[in-house]
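Asker: Next comes the structure file start_28.cif, holding mmCIF, C-alpha atoms and all ligand atoms.
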```cif
data_data
loop_
_atom_site.label_atom_id
_atom_site.label_comp_id
_atom_site.auth_asym_id
_atom_site.auth_seq_id
_atom_site.Cartn_x
_atom_site.Cartn_y
_atom_site.Cartn_z
CA MET A 1342 49.00 -12.75 -29.29
CA CYS A 1343 45.26 -12.41 -29.03
CA PRO A 1344 43.73 -15.44 -27.31
CA ILE A 1345 41.00 -15.58 -29.97
CA LEU A 1346 43.50 -16.15 -32.74
CA GLY A 1347 44.04 -19.74 -31.84
CA THR A 1348 40.37 -20.70 -31.86
CA CYS A 1349 38.57 -18.38 -34.26
CA GLY A 1350 38.46 -19.52 -37.88
CA LEU A 1351 37.33 -16.07 -38.89
CA ALA A 1352 40.38 -14.49 -37.35
CA SER A 1353 42.58 -17.02 -39.08
CA ALA A 1354 40.88 -16.24 -42.37
CA PHE A 1355 41.55 -12.54 -41.92
CA LEU A 1356 45.16 -13.21 -41.13
CA ALA A 1357 45.49 -15.50 -44.12
CA GLY A 1358 44.10 -12.76 -46.35
CA ARG A 1359 40.98 -14.65 -47.35
CA LEU A 1360 38.68 -12.08 -45.76
CA HIS A 1361 39.05 -8.33 -45.89
CA PRO A 1362 37.61 -6.17 -43.15
CA THR A 1363 35.40 -3.31 -44.28
CA PRO A 1364 36.16 0.18 -42.94
CA ALA A 1365 33.57 -0.42 -40.22
CA PHE A 1366 35.54 -3.30 -38.83
CA ASN A 1367 39.12 -2.48 -39.55
CA SER A 1368 40.42 -1.21 -36.26
CA GLY A 1369 41.73 -3.16 -33.32
CA PHE A 1370 41.08 -6.55 -34.79
CA PHE A 1371 42.32 -9.42 -32.72
CA CYS A 1372 44.64 -7.27 -30.73
CA ASN A 1373 44.66 -7.82 -27.00
CA GLU A 1374 46.34 -4.48 -26.50
CA HIS A 1375 42.92 -2.90 -27.15
CA PRO A 1376 40.43 -5.36 -25.67
CA ALA A 1377 37.48 -2.95 -25.69
CA VAL A 1378 37.90 -2.20 -29.38
CA LEU A 1379 38.36 -5.86 -30.05
CA GLY A 1380 35.12 -6.77 -28.33
CA GLU A 1381 33.16 -4.08 -30.12
CA SER A 1382 34.62 -4.94 -33.50
CA LEU A 1383 33.91 -8.62 -33.09
CA HIS A 1384 30.37 -7.90 -32.01
CA LEU A 1385 29.74 -5.70 -35.04
CA LEU A 1386 31.41 -8.19 -37.35
CA PHE A 1387 29.38 -11.17 -36.20
CA CYS A 1388 26.16 -9.12 -36.29
CA LYS A 1389 26.94 -8.22 -39.88
CA ILE A 1390 27.70 -11.80 -40.90
CA SER A 1391 24.62 -13.10 -39.08
CA SER A 1392 22.49 -10.52 -40.88
CA LEU A 1393 23.83 -11.46 -44.31
CA THR A 1394 23.39 -15.18 -43.63
CA ALA A 1395 19.87 -14.59 -42.37
CA SER A 1396 18.87 -12.63 -45.48
CA VAL A 1397 20.15 -15.37 -47.79
CA LEU A 1398 18.36 -18.03 -45.77
CA THR A 1399 15.18 -15.94 -45.78
CA VAL A 1400 15.14 -15.76 -49.58
CA LEU A 1401 15.75 -19.50 -49.84
CA HIS A 1402 13.09 -20.18 -47.24
CA LEU A 1403 10.54 -18.12 -49.15
CA LEU A 1404 11.37 -19.92 -52.37
CA GLN A 1405 11.01 -23.26 -50.63
CA GLN A 1406 7.61 -22.16 -49.36
CA ASN A 1407 6.64 -21.21 -52.91
CA ASN A 1408 7.75 -24.65 -54.07
CA GLU A 1409 5.64 -26.33 -51.41
CA ALA A 1410 2.63 -24.30 -52.55
CA TYR A 1411 3.31 -25.23 -56.19
CA CYS A 1412 3.50 -28.93 -55.37
CA ALA A 1413 0.33 -28.70 -53.32
CA SER A 1414 -1.54 -26.89 -56.12
CA GLY A 1415 -1.72 -30.00 -58.30
CA VAL A 1416 -0.42 -28.12 -61.37
CA HIS A 1417 2.64 -30.32 -61.60
CA LYS A 1418 1.98 -33.83 -62.94
CA PRO A 1419 4.31 -36.75 -63.48
CA LEU A 1420 4.89 -37.11 -67.23
CA PRO A 1421 6.93 -39.55 -69.32
CA LEU A 1422 10.09 -38.23 -71.00
CA GLY A 1423 9.12 -36.55 -74.27
CA VAL A 1424 7.97 -33.31 -75.91
CA ALA A 1425 4.28 -33.31 -76.69
CA LYS A 1426 4.39 -30.60 -79.37
CA ARG A 1427 7.84 -31.66 -80.69
CA LEU A 1428 8.81 -28.02 -80.26
CA VAL A 1429 12.05 -26.32 -79.20
CA VAL A 1430 12.03 -22.66 -78.17
CA LEU A 1431 15.33 -20.81 -78.05
CA THR A 1432 15.09 -17.40 -76.43
CA CYS A 1433 16.75 -14.89 -74.14
CA MET A 1434 17.18 -15.36 -70.40
CA ASP A 1435 15.41 -12.02 -69.80
CA SER A 1436 13.20 -12.10 -66.70
CA ARG A 1437 10.34 -10.46 -68.59
CA ILE A 1438 9.94 -13.42 -70.92
CA ILE A 1439 7.93 -16.48 -69.93
CA PRO A 1440 7.96 -18.54 -73.15
CA GLU A 1441 5.26 -20.96 -72.00
CA ALA A 1442 2.89 -18.08 -71.30
CA LEU A 1443 3.67 -16.28 -74.58
CA LEU A 1444 2.99 -19.38 -76.64
CA GLY A 1445 0.25 -21.03 -74.63
CA LEU A 1446 2.40 -24.03 -73.78
CA LYS A 1447 1.74 -26.49 -70.99
CA LEU A 1448 3.96 -28.75 -68.96
CA GLY A 1449 5.63 -31.24 -71.28
CA ASP A 1450 4.78 -29.36 -74.49
CA ALA A 1451 8.18 -27.92 -75.47
CA GLU A 1452 11.87 -27.82 -74.68
CA ILE A 1453 13.00 -24.31 -73.70
CA ILE A 1454 16.62 -23.28 -74.26
CA ARG A 1455 17.69 -19.92 -72.86
CA ASN A 1456 20.82 -17.82 -72.76
CA GLY A 1457 21.83 -14.17 -72.99
CA GLY A 1458 20.15 -12.87 -76.16
CA GLY A 1459 18.76 -16.26 -77.20
CA ARG A 1460 21.76 -16.72 -79.46
CA VAL A 1461 22.85 -19.90 -81.23
CA THR A 1462 25.99 -21.23 -79.56
CA GLU A 1463 27.72 -24.59 -79.58
CA ASP A 1464 25.81 -25.59 -76.48
CA VAL A 1465 22.51 -24.51 -78.04
CA ILE A 1466 23.32 -26.68 -81.06
CA ARG A 1467 24.13 -29.56 -78.71
CA SER A 1468 20.76 -29.13 -76.98
CA CYS A 1469 18.93 -28.88 -80.32
CA ILE A 1470 20.54 -32.13 -81.48
CA ILE A 1471 19.38 -33.86 -78.30
CA CYS A 1472 15.86 -32.48 -78.82
CA GLN A 1473 15.85 -33.56 -82.46
CA ASP A 1474 17.58 -36.95 -82.24
CA MET A 1475 16.43 -38.21 -78.86
CA LEU A 1476 13.17 -36.39 -78.19
CA GLU A 1477 11.81 -36.30 -81.77
CA CYS A 1478 11.42 -32.53 -81.91
CA ASP A 1479 10.90 -31.23 -85.44
CA THR A 1480 10.41 -27.47 -84.99
CA ILE A 1481 12.73 -24.84 -83.54
CA LEU A 1482 11.67 -21.27 -82.77
CA CYS A 1483 14.44 -18.72 -82.34
CA ILE A 1484 13.06 -15.68 -80.49
CA HIS A 1485 15.00 -12.46 -79.93
CA HIS A 1486 13.38 -9.49 -78.25
CA THR A 1487 13.30 -5.71 -78.04
CA ASP A 1488 15.03 -3.92 -75.16
CA CYS A 1489 17.39 -6.87 -74.78
CA GLY A 1490 20.28 -6.50 -72.36
CA GLY A 1491 22.43 -7.84 -75.18
CA GLN A 1492 21.68 -4.59 -77.03
CA HIS A 1493 22.25 -2.24 -74.12
CA ALA A 1494 25.65 -3.75 -73.53
CA VAL A 1495 26.91 -3.11 -77.03
CA PHE A 1496 26.47 0.59 -77.61
CA HIS A 1497 30.07 0.49 -78.67
CA PRO A 1498 30.97 -3.02 -79.81
CA ALA A 1499 34.71 -2.51 -79.59
CA ALA A 1500 34.44 -1.19 -76.07
CA LEU A 1501 32.28 -4.14 -75.11
CA ALA A 1502 34.75 -6.59 -76.56
CA GLU A 1503 37.55 -5.10 -74.53
CA HIS A 1504 35.40 -4.93 -71.42
CA VAL A 1505 34.29 -8.52 -71.80
CA LYS A 1506 37.80 -9.76 -72.36
CA ALA A 1507 39.01 -8.00 -69.25
CA LYS A 1508 36.04 -9.19 -67.21
CA ALA A 1509 36.38 -12.78 -68.37
CA GLN A 1510 40.06 -12.71 -67.58
CA GLU A 1511 39.35 -11.28 -64.17
CA LEU A 1512 36.49 -13.58 -63.24
CA LEU A 1513 37.31 -16.81 -65.00
CA GLY A 1514 41.01 -16.61 -65.52
CA LEU A 1515 40.51 -16.83 -69.27
CA GLY A 1516 42.77 -15.28 -71.83
CA PRO A 1517 41.56 -12.42 -74.06
CA GLY A 1518 39.01 -13.62 -76.56
CA GLY A 1519 38.03 -16.59 -74.40
CA ILE A 1520 34.33 -15.85 -74.71
CA ASN A 1521 32.34 -14.90 -77.79
CA MET A 1522 29.56 -12.74 -76.34
CA GLN A 1523 27.55 -12.76 -79.57
CA PRO A 1524 26.17 -9.27 -78.99
CA ILE A 1525 22.98 -8.00 -80.59
CA TYR A 1526 23.64 -4.63 -82.15
CA PRO A 1527 21.20 -1.73 -81.74
CA GLY A 1528 18.76 -1.51 -84.63
CA MET A 1529 19.75 -4.92 -85.94
CA LEU A 1530 17.38 -7.17 -84.02
CA GLU A 1531 15.86 -8.83 -87.08
CA GLU A 1532 19.32 -9.33 -88.55
CA SER A 1533 20.45 -11.17 -85.44
CA VAL A 1534 17.42 -13.50 -85.64
CA ARG A 1535 18.12 -14.21 -89.31
CA GLU A 1536 21.75 -14.82 -88.49
CA ASP A 1537 20.89 -17.39 -85.85
CA VAL A 1538 18.31 -19.20 -87.97
CA SER A 1539 20.84 -19.32 -90.83
CA LYS A 1540 23.44 -20.66 -88.45
CA LEU A 1541 21.11 -23.47 -87.38
CA ARG A 1542 20.18 -24.21 -91.02
CA ALA A 1543 23.82 -24.40 -91.98
CA GLU A 1544 24.55 -26.81 -89.14
CA SER A 1545 24.93 -30.26 -90.70
CA ARG A 1546 23.76 -32.00 -87.52
CA ILE A 1547 20.38 -30.24 -87.67
CA LYS A 1548 18.11 -32.22 -89.99
CA ALA A 1549 16.84 -30.55 -93.16
CA SER A 1550 13.38 -31.76 -92.17
CA THR A 1551 13.49 -29.74 -88.93
CA SER A 1552 11.46 -26.55 -89.39
CA LEU A 1553 13.17 -23.35 -88.26
CA PHE A 1554 11.48 -20.04 -87.52
CA GLY A 1555 12.91 -16.69 -86.44
CA LEU A 1556 10.75 -14.28 -84.45
CA VAL A 1557 11.08 -11.01 -82.59
CA LEU A 1558 9.20 -10.37 -79.37
CA ASP A 1559 8.04 -6.89 -78.43
CA THR A 1560 8.99 -7.01 -74.76
CA ALA A 1561 6.51 -4.25 -73.86
CA SER A 1562 3.40 -5.76 -75.47
CA GLY A 1563 4.29 -9.45 -75.50
CA ARG A 1564 3.50 -9.61 -79.22
CA LEU A 1565 5.53 -11.87 -81.50
CA LYS A 1566 6.47 -10.99 -85.06
CA GLU A 1567 7.65 -13.61 -87.51
CA VAL A 1568 10.89 -12.53 -89.18
CA CYS A 1569 12.07 -15.52 -91.17
CA LYS A 1570 11.87 -19.23 -91.91
CA GLY A 1571 14.89 -21.44 -92.15
ZN ZN B 1601 17.51 -10.33 -73.87
#
```
Since I need it in another form, could you write the structure as structure tokens?
Answerer:
Amino acid sequence: MCPILGTCGLASAFLAGRLHPTPAFNSGFFCNEHPAVLGESLHLLFCKISSLTASVLTVLHLLQQNNEAYCASGVHKPLPLGVAKRLVVLTCMDSRIIPEALLGLKLGDAEIIRNGGGRVTEDVIRSCIICQDMLECDTILCIHHTDCGGQHAVFHPAALAEHVKAKAQELLGLGPGGINMQPIYPGMLEESVREDVSKLRAESRIKASTSLFGLVLDTASGRLKEVCKG
């Protein structure tokens, strides 16, 4: 028995099957019949783990530095709970979209709800009801956009459905059909906006007095086009 086995949590994890050595580290592990290989393997392994940990910490450290700079800039102000423009913006999570910049909004002006595609889901409806009933919002913009990942993923809707089911089952332990991905089909961007605005309008918990607008964003130019009113 290797003397390290009794004290090294990493070795125990390997033995318990919770960690899997990569090809670079898979020979001579924890075997005192080959002490030289063991030493080399352990050295490489811990270098690798240290490197990965360091890179994660570096990213976090940089983000924390950014946050410090943001706080020091004076841009962020304490504000009371509320939505100055009584506006809700529902849009895609795409990294190329900054809703506040597109619409000239400032801190405290609007509630921003984002998900894949900017689709209306049960949780979006829940958030809209909170905005409407508790924060006095009276306008909802639903913004879909060109070159959306939700379009790329659905070149073949049936294939996507099967892929998503398998992936969900694999990652989340859900049964087939556990997630409705609400894909946006190629060439049907305006239809998907109309569909979502109609879905909100048909929702009995959204007040008739709440104004609904559907728009499409040209991701390349940043220009918005109005598609429909609810
Ligand atoms: Zn998108």
Asker: For ligand ZN 1601 (chain B), list the contacting residues at 8 Å or closer, counting all atoms listed in the file, as a ChimeraX atom specification.
Answerer: /A:1432-1435,1457-1459,1485-1492
Asker: Counting all atoms listed in the file, figure out which residue out of A:Ile1438, A:Leu1403, A:Leu1446, A:Ile1471 gets nearest to Asp1559 (chain A).
Answerer: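 The answer is A:Ile1438, which sits nearest to Asp1559 (chain A).
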Asker: What does the distance between CA of Ser1539 (chain A) and CA of Gly1423 (chain A) come to in Å, to one decimal place?
Answerer: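 Straight-line distance from CA of Ser1539 (chain A) to CA of Gly1423 (chain A) works out to 26.6 Å.
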Asker: List as a ChimeraX atom specification the residues having at least one atom at most 12 Å from position (21.9, -32.9, -81.8) as given in the file, counting only C-alpha atoms.
Answerer: /A:1463-1479,1541,1544-1548,1551
Asker: Have a look at CA of Thr1560 (chain A) and CA of Leu1401 (chain A) and let me know their distance in Å, one decimal.
Answerer: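 Distance reported for this atom pair: 28.7 Å.
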Asker: Residues near Leu1482 (chain A), anyone? I mean within 8 Å using only C-alpha atoms, not counting same-chain ones fewer than 3 positions away, as a list in words.
Answerer: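 Here the qualifying residues turn out to be Leu1428, Val1429, Val1430, Leu1431, Leu1553, Phe1554, Gly1555 and Leu1556 of chain A.
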Asker: Rounded to one decimal in Å, what is the spacing between CA of Pro1440 (chain A) and CA of Ile1484 (chain A)?
Answerer: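 Interatomic distance here is 9.4 Å.
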Asker: Which residue, A:Met1529, A:Leu1558, A:Ala1425, A:Val1461, has the smallest gap to Ile1439 (chain A) when you use only C-alpha atoms?
Answerer: A:Leu1558
